[in-house]
Structure formats: structure tokens, C-alpha cells
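Shown below: my_file_17.txt, with compact mmCIF, C-alpha atoms and all ligand atoms.
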# COMPACT_ATOMS: atom_id res chain seq x y z
CA MET P 1 14.79 45.11 -35.54
CA ILE P 2 11.10 45.17 -34.69
CA THR P 3 8.71 47.74 -36.18
CA LEU P 4 5.01 48.21 -35.54
CA GLU P 5 2.51 48.73 -38.34
CA LYS P 6 -1.24 49.07 -38.34
CA PHE P 7 -3.03 45.72 -38.35
CA GLU P 8 -5.31 45.46 -41.39
CA ALA P 9 -7.95 43.12 -42.79
CA LYS P 10 -5.32 41.29 -44.83
CA ASP P 11 -3.57 40.32 -41.56
CA ILE P 12 -6.58 38.57 -40.04
CA GLN P 13 -5.96 35.05 -41.34
CA ARG P 14 -2.36 35.02 -40.14
CA LEU P 15 -3.47 36.02 -36.65
CA ILE P 16 -6.18 33.35 -36.58
CA ALA P 17 -3.58 30.73 -37.52
CA TRP P 18 -1.48 31.71 -34.49
CA VAL P 19 -4.26 30.72 -32.06
CA PRO P 20 -4.37 26.92 -31.85
CA ASP P 21 -6.88 26.29 -29.07
CA ALA P 22 -9.30 27.82 -26.57
CA ASP P 23 -6.85 27.85 -23.66
CA PHE P 24 -4.28 29.71 -25.71
CA LEU P 25 -6.94 32.18 -26.85
CA LEU P 26 -7.81 32.91 -23.21
CA GLN P 27 -4.16 33.16 -22.18
CA TRP P 28 -3.43 35.55 -25.02
CA SER P 29 -6.51 37.71 -25.25
CA GLY P 30 -8.68 37.25 -22.18
CA PRO P 31 -12.36 36.32 -22.23
CA LYS P 32 -13.72 38.64 -24.94
CA TYR P 33 -13.03 36.40 -27.92
CA VAL P 34 -14.70 33.02 -28.35
CA PHE P 35 -12.77 30.07 -29.79
CA PRO P 36 -12.36 29.56 -32.68
CA LEU P 37 -11.19 33.06 -33.37
CA ASP P 38 -12.65 34.10 -36.70
CA VAL P 39 -12.89 36.88 -39.28
CA LYS P 40 -16.13 38.20 -37.80
CA GLN P 41 -14.71 38.76 -34.31
CA LEU P 42 -11.49 40.32 -35.57
CA THR P 43 -13.30 42.51 -38.10
CA ALA P 44 -15.47 43.86 -35.29
CA THR P 45 -12.32 44.83 -33.34
CA LEU P 46 -10.75 46.29 -36.46
CA GLU P 47 -13.81 48.48 -36.99
CA MET P 48 -13.17 50.06 -33.60
CA THR P 49 -9.74 51.22 -34.76
CA ARG P 50 -11.30 53.29 -37.55
CA ALA P 51 -13.06 55.90 -35.42
CA GLU P 52 -11.77 59.47 -35.39
CA HIS P 53 -10.45 59.07 -31.85
CA PRO P 54 -10.21 55.31 -31.61
CA SER P 55 -10.63 53.48 -28.35
CA GLN P 56 -8.70 50.61 -29.87
CA PHE P 57 -5.36 50.32 -31.69
CA MET P 58 -4.21 47.08 -33.33
CA PHE P 59 -0.63 46.61 -34.45
CA LYS P 60 1.30 43.87 -36.16
CA ALA P 61 5.00 43.56 -35.34
CA LEU P 62 7.45 42.99 -38.14
CA LEU P 63 10.96 41.60 -37.83
CA ASP P 64 12.95 42.63 -40.88
CA GLY P 65 9.79 42.62 -42.97
CA THR P 66 8.33 39.36 -41.62
CA THR P 67 5.23 39.66 -39.46
CA ILE P 68 5.90 37.82 -36.19
CA GLY P 69 3.76 39.58 -33.62
CA HIS P 70 0.64 41.39 -32.56
CA ILE P 71 -0.15 43.95 -29.84
CA GLU P 72 -3.09 46.20 -28.99
CA LEU P 73 -4.17 49.12 -26.91
CA MET P 74 -7.77 48.77 -25.76
CA ALA P 75 -10.20 50.94 -23.85
CA VAL P 76 -8.25 54.08 -24.69
CA ASN P 77 -9.76 56.88 -22.60
CA TYR P 78 -8.60 60.30 -23.79
CA VAL P 79 -10.12 62.07 -20.77
CA GLU P 80 -8.65 59.80 -18.12
CA LYS P 81 -5.54 59.37 -20.31
CA SER P 82 -5.60 55.63 -19.73
CA ALA P 83 -5.67 52.43 -21.75
CA VAL P 84 -5.23 48.68 -21.51
CA LEU P 85 -2.19 47.04 -23.05
CA ALA P 86 -3.53 43.83 -24.53
CA ARG P 87 -3.28 40.89 -26.89
CA VAL P 88 0.48 40.75 -26.76
CA LEU P 89 1.71 37.93 -28.96
CA ILE P 90 4.82 36.69 -30.69
CA GLY P 91 3.05 34.31 -33.05
CA PRO P 92 5.49 31.69 -34.37
CA LYS P 93 6.94 29.78 -31.39
CA GLN P 94 10.45 29.81 -32.84
CA TYR P 95 10.56 33.58 -32.44
CA ARG P 96 9.66 33.55 -28.73
CA GLY P 97 12.25 33.94 -26.00
CA GLN P 98 14.65 36.02 -28.10
CA GLY P 99 13.81 39.50 -26.92
CA TRP P 100 11.33 40.35 -29.68
CA GLY P 101 8.37 40.44 -27.31
CA LYS P 102 10.10 42.98 -25.09
CA MET P 103 11.00 45.09 -28.09
CA MET P 104 7.43 44.99 -29.36
CA ILE P 105 6.09 46.01 -25.93
CA GLN P 106 8.66 48.82 -25.76
CA LEU P 107 7.38 50.23 -29.05
CA ALA P 108 3.76 49.98 -27.92
CA LEU P 109 4.61 51.81 -24.68
CA HIS P 110 6.28 54.61 -26.64
CA PHE P 111 3.14 54.86 -28.76
CA ALA P 112 0.91 55.01 -25.68
CA PHE P 113 2.96 57.44 -23.60
CA ASP P 114 4.65 59.56 -26.29
CA ASP P 115 2.22 59.62 -29.20
CA LEU P 116 -1.11 59.36 -27.37
CA GLU P 117 0.30 61.10 -24.28
CA LEU P 118 -1.46 58.72 -21.92
CA GLU P 119 -0.70 58.76 -18.20
CA LYS P 120 -1.47 55.18 -17.17
CA LEU P 121 -1.80 51.70 -18.58
CA ASN P 122 -3.08 48.52 -17.10
CA LEU P 123 -3.25 44.91 -18.22
CA GLY P 124 -4.27 41.42 -17.20
CA VAL P 125 -1.93 38.43 -17.33
CA PHE P 126 -2.20 34.91 -15.97
CA ALA P 127 0.34 34.21 -13.23
CA PHE P 128 1.60 31.05 -14.94
CA ASN P 129 2.66 33.13 -17.94
CA LYS P 130 6.11 33.82 -16.51
CA SER P 131 7.70 35.25 -19.64
CA ALA P 132 4.85 37.72 -20.15
CA VAL P 133 4.89 38.80 -16.47
CA GLN P 134 8.67 39.20 -16.64
CA CYS P 135 8.38 41.35 -19.77
CA TYR P 136 5.82 43.67 -18.15
CA LYS P 137 7.77 43.97 -14.88
CA GLN P 138 10.86 45.09 -16.74
CA PHE P 139 9.03 48.18 -17.99
CA GLY P 140 7.84 49.05 -14.49
CA PHE P 141 4.40 47.40 -14.45
CA LYS P 142 3.37 46.42 -10.92
CA ILE P 143 0.81 43.88 -9.73
CA TYR P 144 -2.09 45.66 -8.00
CA LYS P 145 -4.62 42.83 -7.82
CA THR P 146 -4.54 39.03 -7.82
CA ILE P 147 -7.69 37.19 -8.83
CA PRO P 148 -7.50 33.43 -8.13
CA ASN P 149 -9.13 30.75 -10.27
CA ARG P 150 -10.23 33.10 -13.05
CA LYS P 151 -11.03 30.15 -15.30
CA ASN P 152 -10.30 27.22 -13.03
CA GLU P 153 -7.55 26.14 -10.70
CA GLY P 154 -4.17 27.38 -11.86
CA TRP P 155 -5.57 30.31 -13.80
CA THR P 156 -4.76 33.10 -11.35
CA LEU P 157 -5.17 36.45 -13.05
CA LEU P 158 -2.79 39.28 -12.21
CA ARG P 159 -3.85 42.87 -12.84
CA MET P 160 -0.82 45.07 -13.44
CA ASN P 161 -0.53 48.79 -14.01
CA LEU P 162 2.04 51.33 -15.04
CA ASN P 163 1.99 55.08 -14.53
CA ARG P 164 3.96 57.31 -16.86
CA SER P 165 6.17 58.39 -13.92
CA ASP P 166 7.16 54.76 -13.24
CA TRP P 167 7.71 53.86 -16.87
CA ILE P 168 11.15 52.44 -17.58
CA HIS P 169 11.62 53.68 -21.15
CA THR P 170 14.56 51.63 -22.22
CA ILE P 171 15.36 48.19 -20.94
CA LYS P 172 18.07 45.77 -21.87
CA ILE P 173 17.08 43.80 -24.95
CA ASP P 174 19.24 40.73 -25.55
CA GLU P 175 21.68 40.60 -28.43
CA SER P 176 19.29 39.13 -30.98
CA GLY P 177 17.10 42.17 -30.43
CA GLU P 178 19.78 44.82 -30.93
C1 LIG V 1 4.58 36.71 -23.82
C2 LIG V 1 5.36 36.90 -25.11
C3 LIG V 1 4.76 38.00 -25.94
C4 LIG V 1 6.79 37.34 -24.70
O1 LIG V 1 7.55 37.51 -25.87
P1 LIG V 1 8.96 36.80 -26.02
O2 LIG V 1 9.60 37.30 -27.27
O3 LIG V 1 8.78 35.33 -25.88
O4 LIG V 1 9.70 37.34 -24.73
P2 LIG V 1 11.16 37.95 -24.60
O5 LIG V 1 12.14 36.99 -25.17
O6 LIG V 1 11.18 39.34 -25.15
O7 LIG V 1 11.31 38.09 -23.01
C5 LIG V 1 10.92 37.04 -22.17
C6 LIG V 1 11.43 37.32 -20.78
O8 LIG V 1 10.84 36.38 -19.90
C7 LIG V 1 11.86 35.63 -19.27
N1 LIG V 1 11.34 34.30 -19.01
C8 LIG V 1 11.08 33.31 -19.88
N2 LIG V 1 10.62 32.24 -19.22
C9 LIG V 1 10.59 32.59 -17.90
C10 LIG V 1 10.23 31.90 -16.71
N3 LIG V 1 9.79 30.64 -16.74
N4 LIG V 1 10.32 32.57 -15.54
C11 LIG V 1 10.76 33.85 -15.49
N5 LIG V 1 11.12 34.54 -16.59
C12 LIG V 1 11.04 33.90 -17.77
C13 LIG V 1 13.01 35.68 -20.22
O9 LIG V 1 14.23 35.37 -19.58
C14 LIG V 1 12.94 37.12 -20.67
O10 LIG V 1 13.36 38.01 -19.65
P3 LIG V 1 14.85 38.57 -19.55
O11 LIG V 1 15.03 39.45 -20.73
O12 LIG V 1 14.88 39.30 -18.28
O13 LIG V 1 15.78 37.40 -19.60
C15 LIG V 1 5.44 35.57 -25.94
O14 LIG V 1 6.11 34.60 -25.22
C16 LIG V 1 4.10 35.08 -26.39
O15 LIG V 1 3.62 35.47 -27.45
N6 LIG V 1 3.44 34.19 -25.61
C17 LIG V 1 2.16 33.61 -26.00
C18 LIG V 1 1.02 34.65 -25.95
C19 LIG V 1 0.85 35.26 -24.59
O16 LIG V 1 0.78 34.57 -23.58
N7 LIG V 1 0.79 36.60 -24.53
C20 LIG V 1 0.71 37.36 -23.29
C21 LIG V 1 -0.69 37.61 -22.89
S1 LIG V 1 -0.79 38.56 -21.38
If you took the structure in this file and wrote it as C-alpha cells, what would it be?
Amino acid sequence: MITLEKFEAKDIQRLIAWVPDADFLLQWSGPKYVFPLDVKQLTATLEMTRAEHPSQFMFKALLDGTTIGHIELMAVNYVEKSAVLARVLIGPKQYRGQGWGKMMIQLALHFAFDDLELEKLNLGVFAFNKSAVQCYKQFGFKIYKTIPNRKNEGWTLLRMNLNRSDWIHTIKIDESGE
């Protein structure tokens, strides 16, 4: 069973260790971070989570007490009631492809729509990242823009969005995730 907890300073080194190279950093987090990911960059993001009405939320995902994932809400706009779902990661490779990513995303969507009462989310994902695209589609995210060659050939960026009214709250999670 996956649970989300607030990401803290003590979690920084583990997250850094999950990012092996510059291409993976871009695939996972987009262009804002520079490889190698380091304490300074993550501390700066963490600082943004500490405001009274934060524009940024960072979570770690735990599986039976072991931290295996990371997920964020960025650019939270309390007037527009919008945010960006971002930095979605199941860190250790052996935990990928077992339904944990979907479960983590499901929890983050409940946080965004139920707790923060947002109306819309968007995200960016590279088209080659089939498992990520598949995860997002299952919750109702739709592609609204395709940007070719974002980095170079083969790095087509998909912009996807999800309105509260189109949100599929509960999807099938495979047996390992039940
Ligand atoms: C993306 C990520 C978070 C997904 O988590 P996960 O635990 O591996 O994914 P899940 O097992 O929950 O679900 C994967 C889904 O993709 C599907 N999938 C996997 N490979 C696929 C492929 N080549 N084509 C289509 N679908 C595929 C799986 O079948 C599953 O869907 P299903 O439930 O309908 O069968 C994880 O793989 C990851 O951390 N990747 C590296 C970081 C990254 O790229 N993050 C996304 C940034 S936008």
C-alpha cells in the first residue's frame, strides 16, 4: 500500500541517488534542474513548500514504510485553481511496472482535487515515456499540445491536462497494488 508523506531535507540524498544522468533528469523533471541534481537545487524547491500558501508541494511515496517514489505539485494557483503535476518518479527500477506509480499518482490527484480543491491540472511528458503517458491517460488526462524535438530528435513533448469533471477517481490497480 502506497502512502504519501511530505518530502523533507533528510530525503534529498536519496532522491539525488535516483537520478543517474542528464537525460533521465530531463525525462523525469523537465528543464528546470541542471545535472547533476544537488542539495542546493532541491533545497531551493523545498523552501517553496514552506510558504503559508505554497505554490509547490513535494511528496515522497512509501511502500510499507520504504520510500520508493516522489511526486510534486508545482505552480499551484489558488485563484485559477490550477497546478502542474510534476516530477513523478518510482525511484528503484525494481519497483517500476507493478502499479505503484499509478497508486502514487492517484493519491496526488486526491490531494490536488479533494484537499486543495483545484479545478484543473496539467503536465508535460515525453512521448517516448509510454508507461508515464499510460498512467496519466488512465486518470483522464488528455493531450492538448504536441511539441516536437523539445531537446533533440525523439524528444517530443506532450502537454496533457485534466479537469476535475473529467477526473477518473479510481482506476484499476494491478494485484500487487491492492
Ligand atoms: C513513470 C513511472 C512513475 C510509472 O510508474 P510505474 O510504477 O512504473 O507504473 P505502473 O506500473 O503504475 O503503470 C504503468 C502503466 O504503463 C503501462 N506500460 C508500461 N510500458 C508500456 C508501453 N511500452 N506502452 C504502453 N503502456 C506501457 C503498464 O502496462 C501500466 O499500465 P496498465 O496498468 O494499464 O497495464 C515510472 O515508470 C518511473 O518512475 N519512470 C521514470 C521517471 C519518469 O519518467 N517519470 C515520469 C515523468 S513525466
Taking a cut-off of 6 Å and counting only C-alpha atoms and all ligand atoms, can you build a table that, for each residue of chain P near ligand LIG 1 (chain V), reports the nearest atom pair and how far apart they are in Å (one decimal), sorted by chain then residue number, as CSV?
residue,atom,partner,partner_atom,distance
P:Gln27,CA,V:LIG1,O16,5.3
P:Trp28,CA,V:LIG1,C21,4.0
P:Arg87,CA,V:LIG1,C21,5.8
P:Val88,CA,V:LIG1,N7,4.7
P:Leu89,CA,V:LIG1,O15,3.5
P:Ile90,CA,V:LIG1,O15,3.7
P:Gly91,CA,V:LIG1,O15,5.7
P:Arg96,CA,V:LIG1,O3,3.5
P:Gly97,CA,V:LIG1,O5,3.2
P:Gln98,CA,V:LIG1,O5,4.0
P:Gly99,CA,V:LIG1,O6,3.2
P:Trp100,CA,V:LIG1,O2,4.3
P:Gly101,CA,V:LIG1,O1,3.4
P:Lys102,CA,V:LIG1,O6,3.8
P:Val125,CA,V:LIG1,S1,4.2
P:Lys130,CA,V:LIG1,N4,4.5
P:Ser131,CA,V:LIG1,O8,3.3
P:Ala132,CA,V:LIG1,C1,3.8
P:Gln134,CA,V:LIG1,O8,4.8
P:Cys135,CA,V:LIG1,C6,5.2
The selected residues should be written to file as a PDB file, in the coordinates of the input (atoms: C-alpha atoms).
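Okay, out_16.pdb is ready:
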ATOM      1  CA  GLN P  27      -4.160  33.160 -22.180  1.00  0.00           C
ATOM      2  CA  TRP P  28      -3.430  35.550 -25.020  1.00  0.00           C
ATOM      3  CA  ARG P  87      -3.280  40.890 -26.890  1.00  0.00           C
ATOM      4  CA  VAL P  88       0.480  40.750 -26.760  1.00  0.00           C
ATOM      5  CA  LEU P  89       1.710  37.930 -28.960  1.00  0.00           C
ATOM      6  CA  ILE P  90       4.820  36.690 -30.690  1.00  0.00           C
ATOM      7  CA  GLY P  91       3.050  34.310 -33.050  1.00  0.00           C
ATOM      8  CA  ARG P  96       9.660  33.550 -28.730  1.00  0.00           C
ATOM      9  CA  GLY P  97      12.250  33.940 -26.000  1.00  0.00           C
ATOM     10  CA  GLN P  98      14.650  36.020 -28.100  1.00  0.00           C
ATOM     11  CA  GLY P  99      13.810  39.500 -26.920  1.00  0.00           C
ATOM     12  CA  TRP P 100      11.330  40.350 -29.680  1.00  0.00           C
ATOM     13  CA  GLY P 101       8.370  40.440 -27.310  1.00  0.00           C
ATOM     14  CA  LYS P 102      10.100  42.980 -25.090  1.00  0.00           C
ATOM     15  CA  VAL P 125      -1.930  38.430 -17.330  1.00  0.00           C
ATOM     16  CA  LYS P 130       6.110  33.820 -16.510  1.00  0.00           C
ATOM     17  CA  SER P 131       7.700  35.250 -19.640  1.00  0.00           C
ATOM     18  CA  ALA P 132       4.850  37.720 -20.150  1.00  0.00           C
ATOM     19  CA  GLN P 134       8.670  39.200 -16.640  1.00  0.00           C
ATOM     20  CA  CYS P 135       8.380  41.350 -19.770  1.00  0.00           C
TER      21      CYS P 135
END
Identify, on the basis of only C-alpha atoms, every residue whose closest approach to Leu116 in chain P does not exceed 10 Å; exclude the query and any residue fewer than 2 positions from it along the same chain; express the result as a list of chain:residue names. P:Val76, P:Tyr78, P:Lys81, P:Ser82, P:Leu109, P:His110, P:Phe111, P:Ala112, P:Phe113, P:Asp114, P:Leu118, P:Glu119
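Note that the spacing between CA of Asn77 in chain P and CA of Ser55 in chain P amounts to 6.7 Å.
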Restrict the calculation to all atoms listed in the file, then for each residue of range 99-156 of chain P with any atom at most 12 Å from an atom of range 30-50 of chain P give the closest atom pair and their distance in Å to one decimal, rows by chain and rising residue number, as CSV.
residue,atom,partner,partner_atom,distance
P:Leu123,CA,P:Gly30,CA,10.2
P:Gly124,CA,P:Gly30,CA,7.9
P:Val125,CA,P:Gly30,CA,8.4
P:Phe126,CA,P:Gly30,CA,9.3
P:Arg150,CA,P:Pro31,CA,10.0
P:Lys151,CA,P:Pro31,CA,9.4
P:Trp155,CA,P:Gly30,CA,11.3
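When only C-alpha atoms are used to compute distances to His70 in chain P, the closest of the residues P:Lys120, P:Lys137, P:Lys142, P:Arg14 turns out to be P:Arg14.
Pairwise distance (CA of Thr170 in chain P, CA of Met1 in chain P) equals 14.8 Å.
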Given all atoms listed in the file as the basis, pick out the residue of P:Thr156, P:Glu117, P:Ala108, P:Leu4 nearest to Asp64 in chain P. P:Leu4
P:Ala83, P:Met160, P:Ala127, P:Ala61: which is nearest Ile143 in chain P, counting all atoms listed in the file? P:Met160
